[in-house]
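Just my_file-v7.txt here, compact mmCIF, C-alpha atoms:
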```txt
# COMPACT_ATOMS: atom_id res chain seq x y z
CA SER A 1 44.91 136.02 -46.57
CA ALA A 2 47.76 133.49 -46.51
CA VAL A 3 50.20 132.06 -49.01
CA ILE A 4 50.13 128.28 -49.04
CA SER A 5 52.43 125.88 -50.84
CA GLN A 6 52.10 122.14 -51.31
CA LYS A 7 54.55 119.44 -52.25
CA PRO A 8 54.49 117.52 -54.49
CA SER A 9 52.33 119.27 -57.05
CA ARG A 10 51.58 115.94 -58.69
CA ASP A 11 52.62 112.32 -58.48
CA ILE A 12 51.91 108.97 -60.06
CA CYS A 13 52.06 106.12 -57.59
CA GLN A 14 51.57 102.38 -57.66
CA ARG A 15 48.78 100.75 -55.73
CA GLY A 16 49.71 99.58 -52.27
CA THR A 17 52.24 102.35 -51.70
CA SER A 18 51.91 105.52 -49.61
CA LEU A 19 52.43 109.17 -50.40
CA THR A 20 52.99 112.04 -47.97
CA ILE A 21 51.83 115.49 -49.02
CA GLN A 22 53.29 118.56 -47.37
CA CYS A 23 51.54 121.86 -46.76
CA GLN A 24 53.44 125.00 -45.76
CA VAL A 25 51.87 128.34 -44.80
CA ASP A 26 53.62 131.70 -44.72
CA SER A 27 52.08 132.68 -41.39
CA GLN A 28 51.04 130.99 -38.18
CA VAL A 29 47.51 129.63 -38.28
CA THR A 30 45.51 127.66 -35.78
CA MET A 31 43.36 125.59 -38.07
CA MET A 32 44.49 123.72 -41.16
CA PHE A 33 42.27 121.52 -43.27
CA TRP A 34 42.74 118.75 -45.78
CA TYR A 35 40.30 118.28 -48.66
CA ARG A 36 39.95 115.83 -51.49
CA GLN A 37 38.46 116.53 -54.90
CA GLN A 38 37.71 113.39 -56.85
CA PRO A 39 37.23 113.72 -60.61
CA GLY A 40 34.00 115.58 -61.41
CA GLN A 41 33.13 115.96 -57.74
CA SER A 42 33.07 118.73 -55.20
CA LEU A 43 35.70 119.34 -52.57
CA THR A 44 35.22 117.06 -49.58
CA LEU A 45 36.73 117.73 -46.17
CA ILE A 46 38.94 114.88 -44.99
CA ALA A 47 40.05 116.23 -41.62
CA THR A 48 40.86 119.27 -39.54
CA ALA A 49 44.37 119.56 -38.11
CA ASN A 50 45.05 121.74 -35.11
CA GLN A 51 48.54 122.10 -33.74
CA GLY A 52 49.10 120.13 -30.59
CA SER A 53 46.09 117.85 -30.90
CA GLU A 54 44.95 114.86 -32.87
CA ALA A 55 43.34 115.56 -36.21
CA THR A 56 39.56 115.40 -36.39
CA TYR A 57 38.32 113.22 -39.25
CA GLU A 58 35.08 113.56 -41.15
CA SER A 59 32.70 110.70 -41.67
CA GLY A 60 34.11 108.23 -44.16
CA PHE A 61 37.75 109.07 -43.48
CA VAL A 62 39.95 107.26 -40.96
CA ILE A 63 43.34 107.92 -39.44
CA ASP A 64 44.83 104.62 -40.60
CA LYS A 65 44.19 105.56 -44.21
CA PHE A 66 44.92 109.29 -43.97
CA PRO A 67 47.33 109.95 -41.08
CA ILE A 68 47.97 113.65 -40.52
CA SER A 69 50.73 115.46 -38.70
CA ARG A 70 50.67 119.05 -37.47
CA PRO A 71 54.02 119.68 -35.79
CA ASN A 72 53.77 123.48 -35.70
CA LEU A 73 51.57 126.43 -36.65
CA THR A 74 52.85 126.70 -40.24
CA PHE A 75 53.14 123.11 -41.44
CA SER A 76 51.10 119.94 -41.87
CA THR A 77 51.36 116.65 -43.74
CA LEU A 78 48.73 114.27 -45.06
CA THR A 79 49.69 110.68 -45.91
CA VAL A 80 47.58 108.63 -48.27
CA SER A 81 48.28 105.05 -47.21
CA ASN A 82 48.02 101.76 -49.04
CA MET A 83 46.77 103.53 -52.13
CA SER A 84 44.27 102.18 -54.62
CA PRO A 85 43.10 103.69 -57.92
CA GLU A 86 40.06 105.09 -56.07
CA ASP A 87 42.44 107.42 -54.21
CA SER A 88 43.28 109.22 -57.44
CA SER A 89 42.22 112.77 -56.64
CA ILE A 90 43.40 116.29 -56.06
CA TYR A 91 44.35 116.77 -52.43
CA LEU A 92 44.22 120.31 -51.08
CA CYS A 93 45.17 121.90 -47.82
CA SER A 94 43.57 125.08 -46.58
CA VAL A 95 43.79 127.44 -43.64
CA GLU A 96 41.31 129.63 -41.89
CA THR A 97 42.53 133.07 -40.94
CA GLY A 98 39.78 133.83 -38.45
CA ALA A 99 37.05 135.26 -40.68
CA TYR A 100 35.28 132.12 -41.90
CA GLU A 101 37.04 132.30 -45.25
CA GLN A 102 39.50 129.52 -45.99
CA TYR A 103 42.50 129.92 -48.25
CA PHE A 104 43.68 127.00 -50.30
CA GLY A 105 46.98 125.68 -51.50
CA PRO A 106 47.52 124.82 -55.18
CA GLY A 107 46.71 121.16 -54.62
CA THR A 108 48.47 117.84 -55.21
CA ARG A 109 47.22 115.81 -58.16
CA LEU A 110 47.59 112.13 -57.32
CA THR A 111 47.19 109.32 -59.83
CA VAL A 112 47.30 105.75 -58.58
CA THR A 113 47.98 103.03 -61.12
CA ASP B 1 22.87 113.68 -49.68
CA GLN B 2 24.26 116.78 -51.32
CA GLN B 3 23.58 119.78 -49.10
CA VAL B 4 24.94 122.35 -51.54
CA LYS B 5 23.88 122.06 -55.15
CA GLN B 6 25.02 123.82 -58.26
CA ASN B 7 22.68 122.47 -60.88
CA SER B 8 24.37 124.04 -63.89
CA PRO B 9 27.64 122.27 -64.71
CA SER B 10 28.52 124.96 -67.23
CA LEU B 11 27.60 128.45 -68.36
CA SER B 12 28.72 130.41 -71.40
CA VAL B 13 28.35 134.20 -71.74
CA GLN B 14 29.62 136.95 -73.98
CA GLU B 15 32.24 139.37 -72.78
CA GLY B 16 30.64 142.46 -71.26
CA ARG B 17 27.40 140.72 -70.39
CA ILE B 18 26.24 139.56 -66.98
CA SER B 19 27.10 136.10 -65.65
CA ILE B 20 24.73 134.62 -63.10
CA LEU B 21 25.78 131.51 -61.24
CA ASN B 22 23.27 129.80 -59.01
CA CYS B 23 23.49 127.69 -55.88
CA ASP B 24 20.88 125.97 -53.74
CA TYR B 25 21.28 124.51 -50.28
CA THR B 26 19.17 122.25 -48.12
CA ASN B 27 20.58 122.68 -44.62
CA SER B 28 18.83 125.58 -42.86
CA MET B 29 21.62 125.68 -40.26
CA PHE B 30 24.09 127.10 -42.78
CA ASP B 31 24.78 130.69 -41.82
CA TYR B 32 27.67 131.78 -44.02
CA PHE B 33 28.13 131.35 -47.73
CA LEU B 34 31.16 131.72 -49.92
CA TRP B 35 32.09 131.67 -53.58
CA TYR B 36 35.41 130.39 -54.82
CA LYS B 37 36.96 130.57 -58.26
CA LYS B 38 39.27 127.84 -59.51
CA TYR B 39 41.58 127.88 -62.50
CA PRO B 40 43.03 124.61 -63.84
CA ALA B 41 46.02 123.32 -61.87
CA GLU B 42 45.45 125.88 -59.10
CA GLY B 43 43.69 125.76 -55.76
CA PRO B 44 40.35 127.50 -55.22
CA THR B 45 40.60 131.25 -54.66
CA PHE B 46 38.22 132.99 -52.30
CA LEU B 47 36.03 135.44 -54.18
CA ILE B 48 33.22 136.81 -52.04
CA SER B 49 31.05 135.78 -49.10
CA ILE B 50 27.80 136.64 -47.41
CA SER B 51 26.42 136.17 -43.95
CA SER B 52 22.91 134.83 -43.49
CA ILE B 53 21.88 138.10 -41.85
CA LYS B 54 22.34 139.90 -45.17
CA ASP B 55 20.70 139.49 -48.54
CA LYS B 56 23.34 141.15 -50.68
CA ASN B 57 27.06 141.72 -50.69
CA GLU B 58 28.94 143.56 -53.39
CA ASP B 59 32.63 143.73 -54.22
CA GLY B 60 33.50 145.45 -57.46
CA ARG B 61 32.14 143.45 -60.37
CA PHE B 62 30.96 140.65 -58.09
CA THR B 63 27.68 140.62 -56.17
CA VAL B 64 26.25 137.76 -54.17
CA PHE B 65 22.54 137.59 -53.42
CA LEU B 66 21.05 135.40 -50.71
CA ASN B 67 17.40 134.34 -50.52
CA LYS B 68 17.08 132.48 -47.25
CA SER B 69 13.44 131.56 -47.65
CA ALA B 70 14.24 129.86 -50.95
CA LYS B 71 17.61 128.54 -49.68
CA HIS B 72 19.16 130.00 -52.79
CA LEU B 73 22.12 132.20 -53.53
CA SER B 74 23.54 133.57 -56.72
CA LEU B 75 26.74 135.21 -57.88
CA HIS B 76 26.48 138.00 -60.41
CA ILE B 77 29.51 139.08 -62.40
CA VAL B 78 29.10 142.23 -64.41
CA PRO B 79 30.60 142.99 -66.79
CA SER B 80 32.01 139.55 -67.49
CA GLN B 81 35.58 139.35 -68.76
CA PRO B 82 37.45 136.51 -70.49
CA GLY B 83 39.71 136.24 -67.42
CA ASP B 84 36.65 135.27 -65.40
CA SER B 85 36.56 131.94 -67.22
CA ALA B 86 37.02 129.36 -64.47
CA VAL B 87 35.14 126.88 -62.31
CA TYR B 88 33.08 128.60 -59.61
CA PHE B 89 32.30 126.76 -56.39
CA CYS B 90 29.59 127.68 -53.95
CA ALA B 91 30.32 126.75 -50.33
CA ALA B 92 28.45 126.98 -47.06
CA SER B 93 29.47 126.85 -43.42
CA GLY B 94 27.58 126.45 -40.17
CA GLY B 95 25.53 123.33 -40.57
CA SER B 96 24.60 120.92 -37.82
CA GLY B 97 26.57 121.00 -34.62
CA GLY B 98 27.64 124.58 -35.11
CA SER B 99 30.71 123.60 -37.15
CA ASN B 100 31.46 127.07 -38.35
CA TYR B 101 34.78 126.14 -39.89
CA LYS B 102 33.58 123.23 -41.99
CA LEU B 103 32.89 124.19 -45.59
CA THR B 104 30.44 122.17 -47.65
CA PHE B 105 31.00 122.67 -51.37
CA GLY B 106 28.87 122.33 -54.45
CA LYS B 107 30.21 120.53 -57.52
CA GLY B 108 31.04 123.75 -59.31
CA THR B 109 29.97 125.55 -62.47
CA LEU B 110 32.36 126.04 -65.37
CA LEU B 111 32.00 129.61 -66.60
CA THR B 112 33.26 130.44 -70.07
CA VAL B 113 33.34 134.09 -71.11
CA ASN B 114 33.68 134.44 -74.85
CA PRO B 115 35.47 137.47 -76.33
```
In structure tokens, write the structure found in this file.
Amino acid sequence: SAVISQKPSRDICQRGTSLTIQCQVDSQVTMMFWYRQQPGQSLTLIATANQGSEATYESGFVIDKFPISRPNLTFSTLTVSNMSPEDSSIYLCSVETGAYEQYFGPGTRLTVT
Amino acid sequence: DQQVKQNSPSLSVQEGRISILNCDYTNSMFDYFLWYKKYPAEGPTFLISISSIKDKNEDGRFTVFLNKSAKHLSLHIVPSQPGDSAVYFCAASGGSGGSNYKLTFGKGTLLTVNP
């Protein structure tokens, strides 16, 4: 398993602004993932972030809206850009430790007003 | 198109009894299935998994059953404890294109275990 922390744990932002969410892991991992959980919905994969390469985005998510950085094997950031109320969600990062299972951070609860 | 479905939004059971949470999937390419538990204000916690080559996996009070022909899996918790009260997510990996790392989640089932 892995211990994952996220910052901030929650934030309230105004529409049109951007928020960068940080994800820190206590061990080196190859694959990190960013998910979104909208109210009453399941977790949806936004993108996969591998160190040293561009993030791979899922259908419906684009780099201009959700730019991701992965500068090393223990850290990643997700930016939610030009926010609208529809971006209000819980954003979660996760890591895979090589056995299919993914381990999740505590999440960032974002409210856009 | 929801490929992983948890049709029961909530389930309530008495402490000591069995809890059975169900999950259906539509994509026959899924080859690995996982259950996660989520408490409020926390991230999902991995609970138990099963490969498509098996039909049962047991870990303490938790057992997952897989019926591939019916594209159905279930999580049994016995005996249920009040601390098991949480949202349980079913997830699947594999899918089209051999994306083994991508997890597709259901919407979750809120389990309440009453003392």
Where does chain A meet chain B within 12 Å, residue by residue, with the nearest atom pair and distance in Å to one decimal for each, counting only C-alpha atoms, listed by chain and rising number, as JSON lines?
```
{"residue": "A:Ser1", "atom": "CA", "partner": "B:Phe46", "partner_atom": "CA", "distance": 9.3}
{"residue": "A:Ala2", "atom": "CA", "partner": "B:Thr45", "partner_atom": "CA", "distance": 11.1}
{"residue": "A:Val3", "atom": "CA", "partner": "B:Thr45", "partner_atom": "CA", "distance": 11.2}
{"residue": "A:Ile4", "atom": "CA", "partner": "B:Gly43", "partner_atom": "CA", "distance": 9.6}
{"residue": "A:Ser5", "atom": "CA", "partner": "B:Gly43", "partner_atom": "CA", "distance": 10.0}
{"residue": "A:Gln6", "atom": "CA", "partner": "B:Gly43", "partner_atom": "CA", "distance": 10.2}
{"residue": "A:Ser9", "atom": "CA", "partner": "B:Ala41", "partner_atom": "CA", "distance": 8.9}
{"residue": "A:Arg10", "atom": "CA", "partner": "B:Ala41", "partner_atom": "CA", "distance": 9.8}
{"residue": "A:Thr30", "atom": "CA", "partner": "B:Tyr101", "partner_atom": "CA", "distance": 11.6}
{"residue": "A:Met31", "atom": "CA", "partner": "B:Tyr101", "partner_atom": "CA", "distance": 8.8}
{"residue": "A:Met32", "atom": "CA", "partner": "B:Tyr101", "partner_atom": "CA", "distance": 10.1}
{"residue": "A:Phe33", "atom": "CA", "partner": "B:Lys102", "partner_atom": "CA", "distance": 8.9}
{"residue": "A:Trp34", "atom": "CA", "partner": "B:Lys102", "partner_atom": "CA", "distance": 10.9}
{"residue": "A:Tyr35", "atom": "CA", "partner": "B:Leu103", "partner_atom": "CA", "distance": 10.0}
{"residue": "A:Arg36", "atom": "CA", "partner": "B:Phe105", "partner_atom": "CA", "distance": 11.3}
{"residue": "A:Gln37", "atom": "CA", "partner": "B:Lys107", "partner_atom": "CA", "distance": 9.5}
{"residue": "A:Gln38", "atom": "CA", "partner": "B:Lys107", "partner_atom": "CA", "distance": 10.4}
{"residue": "A:Pro39", "atom": "CA", "partner": "B:Lys107", "partner_atom": "CA", "distance": 10.3}
{"residue": "A:Gly40", "atom": "CA", "partner": "B:Lys107", "partner_atom": "CA", "distance": 7.3}
{"residue": "A:Gln41", "atom": "CA", "partner": "B:Lys107", "partner_atom": "CA", "distance": 5.4}
{"residue": "A:Ser42", "atom": "CA", "partner": "B:Lys107", "partner_atom": "CA", "distance": 4.1}
{"residue": "A:Leu43", "atom": "CA", "partner": "B:Phe105", "partner_atom": "CA", "distance": 5.9}
{"residue": "A:Thr44", "atom": "CA", "partner": "B:Phe105", "partner_atom": "CA", "distance": 7.2}
{"residue": "A:Leu45", "atom": "CA", "partner": "B:Leu103", "partner_atom": "CA", "distance": 7.5}
{"residue": "A:Ile46", "atom": "CA", "partner": "B:Lys102", "partner_atom": "CA", "distance": 10.4}
{"residue": "A:Ala47", "atom": "CA", "partner": "B:Lys102", "partner_atom": "CA", "distance": 9.5}
{"residue": "A:Thr48", "atom": "CA", "partner": "B:Lys102", "partner_atom": "CA", "distance": 8.6}
{"residue": "A:Ala49", "atom": "CA", "partner": "B:Tyr101", "partner_atom": "CA", "distance": 11.8}
{"residue": "A:Thr56", "atom": "CA", "partner": "B:Lys102", "partner_atom": "CA", "distance": 11.3}
{"residue": "A:Tyr57", "atom": "CA", "partner": "B:Lys102", "partner_atom": "CA", "distance": 11.4}
{"residue": "A:Glu58", "atom": "CA", "partner": "B:Lys102", "partner_atom": "CA", "distance": 9.8}
{"residue": "A:Ile90", "atom": "CA", "partner": "B:Gly43", "partner_atom": "CA", "distance": 9.5}
{"residue": "A:Tyr91", "atom": "CA", "partner": "B:Gly43", "partner_atom": "CA", "distance": 9.6}
{"residue": "A:Leu92", "atom": "CA", "partner": "B:Gly43", "partner_atom": "CA", "distance": 7.2}
{"residue": "A:Cys93", "atom": "CA", "partner": "B:Gly43", "partner_atom": "CA", "distance": 9.0}
{"residue": "A:Ser94", "atom": "CA", "partner": "B:Gly43", "partner_atom": "CA", "distance": 9.2}
{"residue": "A:Val95", "atom": "CA", "partner": "B:Tyr101", "partner_atom": "CA", "distance": 9.8}
{"residue": "A:Glu96", "atom": "CA", "partner": "B:Tyr101", "partner_atom": "CA", "distance": 7.7}
{"residue": "A:Thr97", "atom": "CA", "partner": "B:Tyr101", "partner_atom": "CA", "distance": 10.4}
{"residue": "A:Gly98", "atom": "CA", "partner": "B:Tyr101", "partner_atom": "CA", "distance": 9.3}
{"residue": "A:Ala99", "atom": "CA", "partner": "B:Tyr101", "partner_atom": "CA", "distance": 9.4}
{"residue": "A:Tyr100", "atom": "CA", "partner": "B:Tyr101", "partner_atom": "CA", "distance": 6.3}
{"residue": "A:Glu101", "atom": "CA", "partner": "B:Phe46", "partner_atom": "CA", "distance": 7.2}
{"residue": "A:Gln102", "atom": "CA", "partner": "B:Phe46", "partner_atom": "CA", "distance": 7.3}
{"residue": "A:Tyr103", "atom": "CA", "partner": "B:Phe46", "partner_atom": "CA", "distance": 6.6}
{"residue": "A:Phe104", "atom": "CA", "partner": "B:Gly43", "partner_atom": "CA", "distance": 5.6}
{"residue": "A:Gly105", "atom": "CA", "partner": "B:Gly43", "partner_atom": "CA", "distance": 5.4}
{"residue": "A:Pro106", "atom": "CA", "partner": "B:Gly43", "partner_atom": "CA", "distance": 4.0}
{"residue": "A:Gly107", "atom": "CA", "partner": "B:Gly43", "partner_atom": "CA", "distance": 5.6}
{"residue": "A:Thr108", "atom": "CA", "partner": "B:Ala41", "partner_atom": "CA", "distance": 9.0}
{"residue": "A:Arg109", "atom": "CA", "partner": "B:Ala41", "partner_atom": "CA", "distance": 8.5}
```
Extract, using only C-alpha atoms, all DNA, RNA and protein residues at most 7 Å from region 72-85 of chain B, discarding same-chain residues fewer than 2 positions from it, and format them as a ChimeraX atom specification.
-> /B:15-25,61-68,70,111-115
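Note that CA of Gly60 (chain A) and CA of Asp11 (chain A) are 23.8 Å apart.
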Size and centre in Å, one decimal, axis-aligned box, all listed region 15-32 of chain B atoms plus 8 Å per side, as JSON:
```
{"center_x": 25.5, "center_y": 132.4, "center_z": -56.5, "size_x": 29.4, "size_y": 36.2, "size_z": 48.5}
```
Go through A:Thr20, A:Gln14, A:Val112, A:Ile63 and flag the residue nearest Leu78 (chain A), using all atoms listed in the file for the distances.
-> A:Thr20
Residue contacts of region 82-86 of chain A (7 Å, only C-alpha atoms) excluding same-chain residues fewer than 3 positions away, as a PyMOL selection string | chain A and resi 15-18+112-113
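Atom to atom, CA of Asn7 (chain B) and CA of Asp87 (chain A) stand 25.7 Å apart.
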Please work out which residues fall within 10 Å of (14.6, 130.0, -43.5), coordinates as given in the file, with all atoms listed in the file counting, and return them as a count of residues only.
-> 10
Distance in Å - CA of Ser12 (chain B) versus CA of Leu110 (chain B) = 8.3 Å
Looking at A:Thr111, A:Ser89, A:Ser81, A:Asn72, which one is nearest to Val25 (chain A), with distances taken over all atoms listed in the file?
-> A:Asn72
